[in-house]
file structure.csv (CSV, C-alpha atoms)
chain,number,residue,atom,x,y,z
N,1,MET,CA,24.2,-25.5,63.8
N,2,ILE,CA,27.4,-24.0,62.3
N,3,ASN,CA,30.4,-23.7,64.7
N,4,ALA,CA,32.3,-20.6,63.6
N,5,ALA,CA,35.5,-18.8,64.4
N,6,VAL,CA,35.4,-15.0,64.2
N,7,VAL,CA,38.8,-13.9,62.9
N,8,GLY,CA,39.7,-10.3,63.8
N,9,LEU,CA,38.2,-9.0,67.1
N,10,GLY,CA,38.3,-5.3,66.5
N,11,TRP,CA,35.2,-3.1,66.5
N,12,TRP,CA,33.3,-5.1,63.9
N,13,GLY,CA,34.4,-8.5,65.0
N,14,GLN,CA,33.2,-7.8,68.5
N,15,ASN,CA,29.9,-6.6,67.0
N,16,ILE,CA,29.5,-9.8,65.1
N,17,LEU,CA,30.2,-11.9,68.2
N,18,LYS,CA,27.5,-10.1,70.1
N,19,ASN,CA,25.0,-10.5,67.2
N,20,LEU,CA,25.6,-14.3,67.2
N,21,LEU,CA,25.5,-15.1,70.9
N,22,ASN,CA,21.9,-16.3,70.7
N,23,SER,CA,21.7,-17.3,67.1
N,24,PRO,CA,20.0,-20.7,66.4
N,25,VAL,CA,22.0,-21.1,63.2
N,26,ILE,CA,25.6,-20.0,63.9
N,27,LYS,CA,27.5,-20.5,67.2
N,28,PRO,CA,30.7,-18.5,67.6
N,29,VAL,CA,33.0,-20.9,69.4
N,30,LEU,CA,36.4,-19.3,68.8
N,31,GLY,CA,37.7,-15.8,68.6
N,32,VAL,CA,41.0,-15.1,66.9
N,33,ASP,CA,43.2,-12.0,67.3
N,34,PRO,CA,46.9,-11.4,68.0
N,35,LEU,CA,46.0,-8.7,70.6
N,36,GLU,CA,45.5,-9.8,74.2
N,37,GLN,CA,42.9,-7.1,74.9
N,38,ALA,CA,40.8,-8.1,71.9
N,39,ARG,CA,40.9,-11.8,73.0
N,40,ALA,CA,40.0,-10.8,76.5
N,41,SER,CA,36.8,-9.0,75.3
N,42,ALA,CA,35.8,-12.2,73.4
N,43,ALA,CA,36.6,-14.4,76.4
N,44,ALA,CA,34.3,-12.2,78.5
N,45,LEU,CA,31.5,-13.3,76.2
N,46,GLY,CA,32.2,-16.9,76.8
N,47,VAL,CA,34.2,-17.6,73.6
N,48,GLU,CA,37.4,-19.5,73.5
N,49,THR,CA,40.3,-17.6,71.9
N,50,ALA,CA,43.4,-18.1,69.8
N,51,THR,CA,46.1,-15.9,68.3
N,52,ARG,CA,46.4,-17.1,64.7
N,53,PHE,CA,44.2,-17.6,61.8
N,54,GLU,CA,45.8,-21.0,61.3
N,55,ASP,CA,44.6,-22.1,64.7
N,56,ALA,CA,41.0,-21.7,63.5
N,57,LEU,CA,41.7,-23.9,60.4
N,58,ALA,CA,43.4,-26.6,62.5
N,59,ASN,CA,40.5,-26.7,65.0
N,60,PRO,CA,38.3,-29.7,64.1
N,61,LYS,CA,35.3,-28.1,65.8
N,62,ILE,CA,35.2,-25.2,63.4
N,63,ASN,CA,32.9,-25.5,60.4
N,64,ALA,CA,33.2,-21.9,59.2
N,65,VAL,CA,35.4,-18.8,59.6
N,66,ILE,CA,34.1,-15.2,59.7
N,67,LEU,CA,36.8,-12.9,58.5
N,68,CYS,CA,36.9,-9.4,60.1
N,69,THR,CA,40.5,-8.9,59.1
N,70,PRO,CA,42.1,-6.1,57.1
N,71,GLN,CA,41.0,-6.2,53.5
N,72,GLU,CA,44.5,-7.0,52.0
N,73,ARG,CA,44.4,-10.4,53.8
N,74,HIS,CA,41.0,-11.5,52.6
N,75,ALA,CA,42.0,-13.2,49.4
N,76,GLU,CA,44.7,-15.4,50.9
N,77,GLN,CA,42.6,-16.2,53.9
N,78,ILE,CA,39.6,-17.2,51.7
N,79,VAL,CA,41.7,-19.5,49.6
N,80,ALA,CA,43.3,-21.1,52.7
N,81,ALA,CA,40.0,-21.6,54.4
N,82,ALA,CA,38.5,-23.2,51.2
N,83,ARG,CA,41.5,-25.6,50.9
N,84,ALA,CA,40.8,-26.5,54.6
N,85,GLY,CA,37.2,-27.2,53.8
N,86,ARG,CA,35.8,-24.4,55.9
N,87,HIS,CA,32.9,-22.2,54.9
N,88,VAL,CA,33.8,-18.5,54.7
N,89,PHE,CA,31.9,-15.4,55.6
N,90,CYS,CA,34.1,-12.4,54.7
N,91,GLU,CA,33.6,-8.7,55.6
N,92,LYS,CA,33.6,-6.2,52.8
N,93,PRO,CA,35.3,-5.7,50.5
N,94,LEU,CA,35.6,-9.3,49.5
N,95,CYS,CA,39.0,-8.6,47.9
N,96,THR,CA,40.9,-5.5,46.7
N,97,THR,CA,41.5,-6.6,43.1
N,98,ALA,CA,39.4,-8.5,40.6
N,99,ALA,CA,42.2,-11.0,40.0
N,100,ASP,CA,42.3,-11.8,43.7
N,101,ALA,CA,38.5,-12.1,43.8
N,102,GLU,CA,38.5,-14.5,40.8
N,103,ALA,CA,41.1,-16.7,42.5
N,104,ALA,CA,39.2,-16.7,45.7
N,105,LEU,CA,35.9,-17.6,44.0
N,106,ALA,CA,37.6,-20.3,42.1
N,107,ALA,CA,39.0,-21.8,45.3
N,108,VAL,CA,35.5,-21.6,46.9
N,109,GLN,CA,33.9,-23.3,43.9
N,110,LYS,CA,36.5,-26.1,43.8
N,111,ALA,CA,36.1,-26.8,47.5
N,112,GLY,CA,32.4,-26.8,47.3
N,113,ILE,CA,32.1,-24.6,50.4
N,114,GLN,CA,29.7,-21.6,51.0
N,115,LEU,CA,30.9,-18.0,50.7
N,116,GLY,CA,29.1,-15.1,52.4
N,117,ILE,CA,29.8,-11.4,52.2
N,118,GLY,CA,29.3,-8.6,54.8
N,119,HIS,CA,26.7,-6.6,52.8
N,120,GLU,CA,24.0,-6.6,55.5
N,121,ARG,CA,22.3,-3.5,54.1
N,122,ARG,CA,20.5,-5.9,51.7
N,123,PHE,CA,18.9,-7.5,54.7
N,124,GLU,CA,17.2,-4.3,56.0
N,125,PRO,CA,13.4,-4.7,55.8
N,126,ALA,CA,12.9,-1.4,54.0
N,127,VAL,CA,15.5,-2.4,51.3
N,128,ILE,CA,13.9,-5.8,50.9
N,129,GLU,CA,10.5,-4.2,50.4
N,130,MET,CA,11.9,-1.7,47.9
N,131,ARG,CA,13.5,-4.5,45.9
N,132,LYS,CA,10.3,-6.5,45.9
N,133,ARG,CA,8.2,-3.6,44.7
N,134,PHE,CA,10.5,-2.6,41.9
N,135,ALA,CA,10.9,-6.2,40.8
N,136,ALA,CA,7.2,-6.5,40.6
N,137,GLY,CA,7.1,-3.4,38.3
N,138,GLU,CA,5.2,-1.2,40.7
N,139,PHE,CA,7.4,1.8,40.0
N,140,GLY,CA,8.2,1.0,36.3
N,141,ASN,CA,11.7,0.7,34.9
N,142,PRO,CA,14.5,1.7,37.4
N,143,LEU,CA,16.1,4.9,36.1
N,144,LEU,CA,18.3,6.4,38.7
N,145,LEU,CA,19.5,5.2,42.1
N,146,GLU,CA,20.7,7.8,44.7
N,147,GLY,CA,22.5,6.6,47.8
N,148,ASN,CA,24.5,8.0,50.7
N,149,PHE,CA,26.1,6.3,53.6
N,150,SER,CA,28.1,8.8,55.7
N,151,GLN,CA,29.3,8.9,59.3
N,152,ASP,CA,32.0,10.4,61.5
N,153,MET,CA,32.9,7.4,63.7
N,154,PHE,CA,36.4,7.2,62.3
N,155,LEU,CA,37.4,10.6,63.7
N,156,LYS,CA,37.9,8.7,67.0
N,157,LEU,CA,40.4,6.3,65.6
N,158,PRO,CA,44.1,6.6,66.3
N,159,PRO,CA,46.0,7.9,63.2
N,160,ASP,CA,47.9,4.6,62.8
N,161,ASN,CA,44.7,2.5,62.3
N,162,TRP,CA,44.8,0.6,59.1
N,163,ARG,CA,41.5,2.1,58.0
N,164,LEU,CA,43.1,5.5,57.7
N,165,SER,CA,46.2,4.3,55.8
N,166,LYS,CA,46.7,5.6,52.3
N,167,THR,CA,49.0,2.7,51.6
N,168,VAL,CA,46.8,-0.2,52.9
N,169,ASN,CA,43.4,1.5,52.2
N,170,PRO,CA,43.9,4.2,49.6
N,171,ALA,CA,40.2,5.3,49.3
N,172,GLY,CA,39.0,5.3,52.9
N,173,PRO,CA,35.3,6.3,52.4
N,174,LEU,CA,34.9,3.6,49.7
N,175,SER,CA,35.9,0.6,51.8
N,176,ALA,CA,34.2,2.0,55.0
N,177,THR,CA,30.7,2.8,53.7
N,178,GLY,CA,30.7,3.5,50.0
N,179,ILE,CA,31.1,-0.2,49.1
N,180,HIS,CA,27.7,-0.9,50.7
N,181,MET,CA,26.1,1.6,48.4
N,182,VAL,CA,27.9,0.1,45.4
N,183,ASP,CA,26.5,-3.3,46.4
N,184,LEU,CA,23.0,-2.0,46.7
N,185,SER,CA,23.2,-0.4,43.3
N,186,ILE,CA,24.3,-3.7,41.8
N,187,ALA,CA,21.4,-5.5,43.6
N,188,PHE,CA,18.9,-3.1,42.1
N,189,LEU,CA,20.4,-2.2,38.7
N,190,GLY,CA,22.5,-5.2,37.7
N,191,ARG,CA,25.8,-5.1,35.9
N,192,PRO,CA,27.9,-1.9,36.2
N,193,THR,CA,29.9,-1.0,33.2
N,194,SER,CA,31.6,2.4,33.9
N,195,VAL,CA,32.5,4.7,36.8
N,196,TRP,CA,33.6,8.2,37.5
N,197,ALA,CA,34.7,8.9,41.1
N,198,ARG,CA,36.2,11.8,43.1
N,199,LEU,CA,38.0,11.6,46.5
N,200,ALA,CA,38.9,14.6,48.7
N,201,GLN,CA,40.3,15.4,52.1
N,202,LEU,CA,38.0,18.2,53.3
N,203,GLY,CA,36.9,17.6,56.9
N,204,SER,CA,39.6,15.6,58.6
N,205,ASN,CA,43.3,14.8,58.7
N,206,PHE,CA,42.7,11.4,57.0
N,207,GLU,CA,45.5,10.8,54.5
N,208,ASN,CA,43.3,8.5,52.5
N,209,GLY,CA,40.4,11.0,52.2
N,210,ASP,CA,37.1,11.7,53.9
N,211,THR,CA,34.7,12.7,51.1
N,212,MET,CA,33.9,10.5,48.0
N,213,SER,CA,31.3,10.8,45.3
N,214,ILE,CA,30.7,8.0,42.8
N,215,THR,CA,28.8,7.8,39.5
N,216,LEU,CA,28.2,4.3,38.2
N,217,GLY,CA,26.8,3.5,34.8
N,218,PHE,CA,25.0,0.2,34.2
N,219,ALA,CA,24.5,-2.0,31.2
N,220,SER,CA,20.7,-1.3,31.4
N,221,GLY,CA,21.4,2.4,30.8
N,222,ALA,CA,20.5,3.3,34.5
N,223,THR,CA,22.8,5.4,36.7
N,224,ALA,CA,23.7,5.4,40.4
N,225,THR,CA,25.0,8.5,42.1
N,226,LEU,CA,26.5,7.6,45.5
N,227,GLY,CA,28.1,9.5,48.4
N,228,ALA,CA,30.3,8.5,51.3
N,229,VAL,CA,31.7,11.0,53.8
N,230,LEU,CA,33.7,10.2,56.9
N,231,ALA,CA,33.7,13.7,58.4
N,232,THR,CA,30.0,14.4,58.9
N,233,PRO,CA,27.4,13.1,61.4
N,234,PHE,CA,25.6,10.0,60.3
N,235,MET,CA,23.4,10.1,57.2
N,236,GLY,CA,21.9,7.1,55.5
N,237,ARG,CA,19.7,7.5,52.4
N,238,LEU,CA,18.6,5.3,49.5
N,239,ALA,CA,16.3,6.4,46.7
N,240,LEU,CA,15.3,4.6,43.5
N,241,LEU,CA,13.5,6.6,40.8
N,242,GLY,CA,11.4,4.7,38.2
N,243,SER,CA,9.4,5.5,35.2
N,244,LYS,CA,6.1,5.2,37.2
N,245,GLY,CA,7.2,6.5,40.6
N,246,TRP,CA,9.9,6.3,43.2
N,247,MET,CA,10.7,5.2,46.7
N,248,GLU,CA,13.1,6.7,49.3
N,249,ILE,CA,14.5,5.2,52.5
N,250,ARG,CA,16.1,7.2,55.3
N,251,ASP,CA,17.9,5.6,58.2
N,252,ARG,CA,17.1,7.0,61.6
N,253,SER,CA,20.5,6.0,63.0
N,254,HIS,CA,23.6,4.1,62.1
N,255,PRO,CA,22.8,0.4,61.2
N,256,GLN,CA,25.1,-0.8,64.1
N,257,ASN,CA,22.5,0.5,66.5
N,258,SER,CA,19.4,0.8,64.3
N,259,THR,CA,16.4,2.7,65.5
N,260,GLY,CA,14.5,2.0,62.3
N,261,TRP,CA,13.9,3.4,58.8
N,262,ASP,CA,11.4,5.9,57.4
N,263,ALA,CA,10.3,5.4,53.8
N,264,ILE,CA,8.2,7.4,51.3
N,265,SER,CA,6.8,6.1,48.0
N,266,VAL,CA,5.2,8.1,45.2
N,267,HIS,CA,3.2,6.9,42.2
N,268,ARG,CA,2.4,9.2,39.3
N,269,ASP,CA,-0.7,11.3,40.0
N,270,GLU,CA,-1.1,9.8,43.5
N,271,THR,CA,-0.5,11.1,47.0
N,272,PRO,CA,2.8,10.2,48.6
N,273,VAL,CA,2.7,7.3,51.1
N,274,SER,CA,4.9,7.1,54.2
N,275,ALA,CA,5.9,4.1,56.2
N,276,PHE,CA,8.1,3.2,59.2
N,277,TYR,CA,10.2,0.1,59.5
N,278,PRO,CA,11.2,-0.8,63.0
N,279,PRO,CA,14.7,-1.8,64.1
N,280,HIS,CA,15.8,-5.1,62.7
N,281,PRO,CA,19.0,-7.2,63.2
N,282,ALA,CA,20.2,-7.1,59.5
N,283,VAL,CA,23.8,-8.1,60.5
N,284,ARG,CA,22.5,-11.3,62.1
N,285,ASP,CA,20.1,-12.0,59.2
N,286,ASN,CA,23.0,-11.9,56.8
N,287,LEU,CA,25.2,-14.2,58.8
N,288,GLU,CA,22.3,-16.6,59.4
N,289,ALA,CA,21.5,-16.6,55.7
N,290,PHE,CA,25.1,-17.6,55.1
N,291,GLY,CA,24.8,-20.3,57.8
N,292,ARG,CA,21.6,-21.8,56.4
N,293,ALA,CA,23.2,-21.9,52.9
N,294,ALA,CA,26.3,-23.7,54.4
N,295,LEU,CA,23.9,-26.2,55.9
N,296,GLY,CA,22.3,-26.8,52.5
N,297,GLN,CA,18.9,-25.3,53.6
N,298,THR,CA,18.4,-22.2,51.4
N,299,PRO,CA,20.5,-20.5,48.7
N,300,TYR,CA,22.6,-17.5,49.8
N,301,PRO,CA,21.0,-14.4,48.3
N,302,VAL,CA,24.2,-12.6,47.2
N,303,THR,CA,25.5,-14.4,44.1
N,304,PRO,CA,29.2,-14.9,43.3
N,305,HIS,CA,28.7,-12.9,40.2
N,306,GLU,CA,27.5,-9.9,42.2
N,307,MET,CA,30.4,-10.3,44.6
N,308,LEU,CA,32.8,-10.2,41.7
N,309,SER,CA,31.0,-7.2,40.1
N,310,ASN,CA,31.4,-5.3,43.4
N,311,VAL,CA,35.2,-6.0,43.5
N,312,ARG,CA,35.6,-5.0,39.9
N,313,SER,CA,33.7,-1.8,40.7
N,314,PHE,CA,35.9,-1.3,43.8
N,315,GLU,CA,39.0,-1.6,41.7
N,316,ALA,CA,37.7,0.7,38.9
N,317,ILE,CA,36.6,3.4,41.4
N,318,GLN,CA,40.1,3.6,42.7
N,319,ARG,CA,41.5,3.8,39.2
N,320,SER,CA,39.0,6.7,38.5
N,321,VAL,CA,40.2,8.5,41.6
N,322,LYS,CA,43.7,8.4,40.3
N,323,SER,CA,43.0,9.2,36.7
N,324,GLY,CA,40.2,11.7,37.3
N,325,GLY,CA,38.3,10.2,34.4
N,326,ILE,CA,35.7,7.6,33.5
N,327,GLU,CA,36.9,4.1,33.9
N,328,LYS,CA,35.5,0.9,32.5
N,329,ILE,CA,34.4,-1.9,34.8

call {"tool": "encode", "arguments": {"input": "structure.csv", "output": "structure tokens"}}
result
Amino acid sequence: MINAAVVGLGWWGQNILKNLLNSPVIKPVLGVDPLEQARASAAALGVETATRFEDALANPKINAVILCTPQERHAEQIVAAARAGRHVFCEKPLCTTAADAEAALAAVQKAGIQLGIGHERRFEPAVIEMRKRFAAGEFGNPLLLEGNFSQDMFLKLPPDNWRLSKTVNPAGPLSATGIHMVDLSIAFLGRPTSVWARLAQLGSNFENGDTMSITLGFASGATATLGAVLATPFMGRLALLGSKGWMEIRDRSHPQNSTGWDAISVHRDETPVSAFYPPHPAVRDNLEAFGRAALGQTPYPVTPHEMLSNVRSFEAIQRSVKSGGIEKI
């Protein structure tokens, strides 16, 4: 069993606490947040609380920290946790610059601790099935990936929330949902080499934008076209087109409260086949995969190279938004 501290008890930190309450792999024993109300919510779940990240590292009961903190703090917190010998699970994005990610990964490797990343969409059953079938060659060579992860939950946030800050979070749709699509495209298509991205403020008063489109080019020659909108009702879609057929997944609801996924697959000259995948706790699966890896049981399925590719893409996408042109990754 891994004893963990959840650092940052906002919306997603509270969601992680609830996901882990009955986990046989990770036990949340400490919740960390400077805000009294956030700590009270964690205490109501039976978790001890503290006010500072340093309190978690100084606690001898803690084996791992789960970082649900603002993204600009991730790099320094990963390094500090690694130096303290604590395993680290970090919410996305891992870091905001490739230089920070390289330093964080170097600290993790030096300390010999496990690093996990909050890309739970890889752990959805329909996505796992799609990856297996394409890896087996069932649909031929992957040609084009299309993905969209959009929602309007942030319309309820106060305007001073860090997620809406142009300074702290200059491309809001990217760090909110788009980064998940970037990760999935890397999982399917490999190493990205170039990007063109566009950001607009069209459906809200978000100073850091609400509508983003991303086109990623990959070393294999394949392309991903991705969308992320924060001013429209929920939409989740992933399609991968291959030289022998294609498969598409549609979310029935936001992954936080999943009601399942509908999928359709098509092979050349054959009738389309539909399937339903029932709700599944992908967030918990990701955290428990991290926990099992930290215990030395099974390797964590997201590699450090993939994590770094994602951060390099994250940085290049923001450059492309500013330049208006194609940027190398």

call {"tool": "residues_around", "arguments": {"input": "structure.csv", "residues": "Glu124 (chain N)", "least_positions_apart": "4", "cutoff": "9 Å", "atoms": "all atoms listed in the file", "output": "PyMOL selection string"}}
result
chain N and resi 120+128-129+255+261+277+279-283+285

call {"tool": "closest_residue", "arguments": {"input": "structure.csv", "among": "N:Lys166, N:His87, N:His119, N:Arg268", "to": "Gln318 (chain N)", "atoms": "all atoms listed in the file"}}
result
N:Lys166

call {"tool": "closest_residue", "arguments": {"input": "structure.csv", "among": "N:Lys27, N:Ile329, N:Asn286, N:Ser243", "to": "Gly140 (chain N)", "atoms": "all atoms listed in the file"}}
result
N:Ser243

call {"tool": "residues_around", "arguments": {"input": "structure.csv", "residues": "region 220-229 of chain N", "least_positions_apart": "2", "cutoff": "6 Å", "atoms": "all atoms listed in the file", "output": "list of chain:residue names"}}
result
N:Leu143, N:Leu144, N:Leu145, N:Glu146, N:Gly147, N:Asn148, N:Phe149, N:Ser150, N:Pro173, N:Gly178, N:Asp210, N:Thr211, N:Met212, N:Ser213, N:Ile214, N:Thr215, N:Leu216, N:Gly217, N:Phe218, N:Ala231

call {"tool": "write_last_selection", "arguments": {"input": "structure.csv", "atoms": "C-alpha atoms", "output": "short mmCIF file (atom, residue, chain, number, x, y, z; two decimals), in the frame of the given file"}}
result
data_model
loop_
_atom_site.label_atom_id
_atom_site.label_comp_id
_atom_site.auth_asym_id
_atom_site.auth_seq_id
_atom_site.Cartn_x
_atom_site.Cartn_y
_atom_site.Cartn_z
CA LEU N 143 16.10 4.90 36.10
CA LEU N 144 18.30 6.40 38.70
CA LEU N 145 19.50 5.20 42.10
CA GLU N 146 20.70 7.80 44.70
CA GLY N 147 22.50 6.60 47.80
CA ASN N 148 24.50 8.00 50.70
CA PHE N 149 26.10 6.30 53.60
CA SER N 150 28.10 8.80 55.70
CA PRO N 173 35.30 6.30 52.40
CA GLY N 178 30.70 3.50 50.00
CA ASP N 210 37.10 11.70 53.90
CA THR N 211 34.70 12.70 51.10
CA MET N 212 33.90 10.50 48.00
CA SER N 213 31.30 10.80 45.30
CA ILE N 214 30.70 8.00 42.80
CA THR N 215 28.80 7.80 39.50
CA LEU N 216 28.20 4.30 38.20
CA GLY N 217 26.80 3.50 34.80
CA PHE N 218 25.00 0.20 34.20
CA ALA N 231 33.70 13.70 58.40
#

call {"tool": "closest_residue", "arguments": {"input": "structure.csv", "among": "N:Val321, N:Leu105, N:Val32, N:Leu21", "to": "Leu308 (chain N)", "atoms": "only C-alpha atoms"}}
result
N:Leu105

call {"tool": "closest_residue", "arguments": {"input": "structure.csv", "among": "N:Ala80, N:Leu9, N:Ile2, N:Ile117", "to": "Ile62 (chain N)", "atoms": "all atoms listed in the file"}}
result
N:Ile2

call {"tool": "closest_residue", "arguments": {"input": "structure.csv", "among": "N:Glu138, N:Glu91, N:Asp183, N:Glu270", "to": "Leu241 (chain N)", "atoms": "all atoms listed in the file"}}
result
N:Glu138

call {"tool": "residues_around", "arguments": {"input": "structure.csv", "residues": "Asn208 (chain N)", "least_positions_apart": "6", "cutoff": "8 Å", "atoms": "all atoms listed in the file", "output": "VMD selection string"}}
result
chain N and resid 164 to 166 169 to 172 201

call {"tool": "residues_near_point", "arguments": {"input": "structure.csv", "point": "(22.2, 6.3, 62.4)", "cutoff": "10 Å", "atoms": "all atoms listed in the file", "output": "list in words"}}
result
Phe149, Ser150, Gln151, Pro233, Phe234, Met235, Gly236, Arg250, Asp251, Arg252, Ser253, His254, Pro255, Gln256, Asn257, Ser258, Thr259, Gly260 and Trp261 of chain N

call {"tool": "atom_distance", "arguments": {"input": "structure.csv", "atom1": "CA of Arg319 (chain N)", "atom2": "CA of Val195 (chain N)"}}
result
9.4 Å

call {"tool": "build_atoms", "arguments": {"input": "structure.csv", "residues": "region 81-107 of chain N", "atoms": "N, CA and C atoms", "output": "mmCIF file, keeping the file's coordinate frame"}}
result
data_model
loop_
_atom_site.group_PDB
_atom_site.id
_atom_site.type_symbol
_atom_site.label_atom_id
_atom_site.label_comp_id
_atom_site.auth_asym_id
_atom_site.auth_seq_id
_atom_site.Cartn_x
_atom_site.Cartn_y
_atom_site.Cartn_z
ATOM 1 N N ALA N 81 41.108 -21.027 53.735
ATOM 2 C CA ALA N 81 40.000 -21.600 54.400
ATOM 3 C C ALA N 81 39.255 -22.618 53.444
ATOM 4 N N ALA N 82 39.146 -22.262 52.165
ATOM 5 C CA ALA N 82 38.500 -23.200 51.200
ATOM 6 C C ALA N 82 39.307 -24.468 51.085
ATOM 7 N N ARG N 83 40.620 -24.352 51.037
ATOM 8 C CA ARG N 83 41.500 -25.600 50.900
ATOM 9 C C ARG N 83 41.320 -26.426 52.185
ATOM 10 N N ALA N 84 41.023 -25.798 53.317
ATOM 11 C CA ALA N 84 40.800 -26.500 54.600
ATOM 12 C C ALA N 84 39.395 -27.043 54.717
ATOM 13 N N GLY N 85 38.544 -26.766 53.721
ATOM 14 C CA GLY N 85 37.200 -27.200 53.800
ATOM 15 C C GLY N 85 36.262 -26.482 54.699
ATOM 16 N N ARG N 86 36.615 -25.219 55.009
ATOM 17 C CA ARG N 86 35.800 -24.400 55.900
ATOM 18 C C ARG N 86 34.975 -23.406 55.100
ATOM 19 N N HIS N 87 33.703 -23.269 55.448
ATOM 20 C CA HIS N 87 32.900 -22.200 54.900
ATOM 21 C C HIS N 87 33.446 -20.862 55.276
ATOM 22 N N VAL N 88 33.212 -19.843 54.434
ATOM 23 C CA VAL N 88 33.800 -18.500 54.700
ATOM 24 C C VAL N 88 32.774 -17.423 54.577
ATOM 25 N N PHE N 89 32.667 -16.639 55.634
ATOM 26 C CA PHE N 89 31.900 -15.400 55.600
ATOM 27 C C PHE N 89 32.992 -14.283 55.689
ATOM 28 N N CYS N 90 33.016 -13.379 54.710
ATOM 29 C CA CYS N 90 34.100 -12.400 54.700
ATOM 30 C C CYS N 90 33.453 -10.973 54.725
ATOM 31 N N GLU N 91 34.031 -10.134 55.574
ATOM 32 C CA GLU N 91 33.600 -8.700 55.600
ATOM 33 C C GLU N 91 34.010 -8.053 54.293
ATOM 34 N N LYS N 92 33.332 -6.942 54.012
ATOM 35 C CA LYS N 92 33.600 -6.200 52.800
ATOM 36 C C LYS N 92 34.869 -5.362 52.920
ATOM 37 N N PRO N 93 35.558 -5.062 51.815
ATOM 38 C CA PRO N 93 35.300 -5.700 50.500
ATOM 39 C C PRO N 93 35.855 -7.093 50.458
ATOM 40 N N LEU N 94 35.235 -7.900 49.616
ATOM 41 C CA LEU N 94 35.600 -9.300 49.500
ATOM 42 C C LEU N 94 37.128 -9.409 49.243
ATOM 43 N N CYS N 95 37.598 -8.677 48.242
ATOM 44 C CA CYS N 95 39.000 -8.600 47.900
ATOM 45 C C CYS N 95 39.264 -7.180 47.359
ATOM 46 N N THR N 96 40.523 -6.834 47.160
ATOM 47 C CA THR N 96 40.900 -5.500 46.700
ATOM 48 C C THR N 96 41.115 -5.437 45.191
ATOM 49 N N THR N 97 41.292 -6.588 44.544
ATOM 50 C CA THR N 97 41.500 -6.600 43.100
ATOM 51 C C THR N 97 40.587 -7.705 42.492
ATOM 52 N N ALA N 98 40.220 -7.514 41.237
ATOM 53 C CA ALA N 98 39.400 -8.500 40.600
ATOM 54 C C ALA N 98 40.141 -9.821 40.402
ATOM 55 N N ALA N 99 41.455 -9.758 40.171
ATOM 56 C CA ALA N 99 42.200 -11.000 40.000
ATOM 57 C C ALA N 99 42.203 -11.807 41.301
ATOM 58 N N ASP N 100 42.347 -11.132 42.442
ATOM 59 C CA ASP N 100 42.300 -11.800 43.700
ATOM 60 C C ASP N 100 40.876 -12.421 43.948
ATOM 61 N N ALA N 101 39.844 -11.658 43.597
ATOM 62 C CA ALA N 101 38.500 -12.100 43.800
ATOM 63 C C ALA N 101 38.203 -13.360 42.908
ATOM 64 N N GLU N 102 38.688 -13.338 41.675
ATOM 65 C CA GLU N 102 38.500 -14.500 40.800
ATOM 66 C C GLU N 102 39.175 -15.720 41.338
ATOM 67 N N ALA N 103 40.399 -15.545 41.886
ATOM 68 C CA ALA N 103 41.100 -16.700 42.500
ATOM 69 C C ALA N 103 40.395 -17.207 43.709
ATOM 70 N N ALA N 104 39.886 -16.290 44.540
ATOM 71 C CA ALA N 104 39.200 -16.700 45.700
ATOM 72 C C ALA N 104 37.886 -17.443 45.397
ATOM 73 N N LEU N 105 37.132 -16.914 44.436
ATOM 74 C CA LEU N 105 35.900 -17.600 44.000
ATOM 75 C C LEU N 105 36.139 -18.917 43.397
ATOM 76 N N ALA N 106 37.234 -19.033 42.658
ATOM 77 C CA ALA N 106 37.600 -20.300 42.100
ATOM 78 C C ALA N 106 37.911 -21.347 43.139
ATOM 79 N N ALA N 107 38.616 -20.929 44.181
ATOM 80 C CA ALA N 107 39.000 -21.800 45.300
ATOM 81 C C ALA N 107 37.702 -22.270 46.030
#
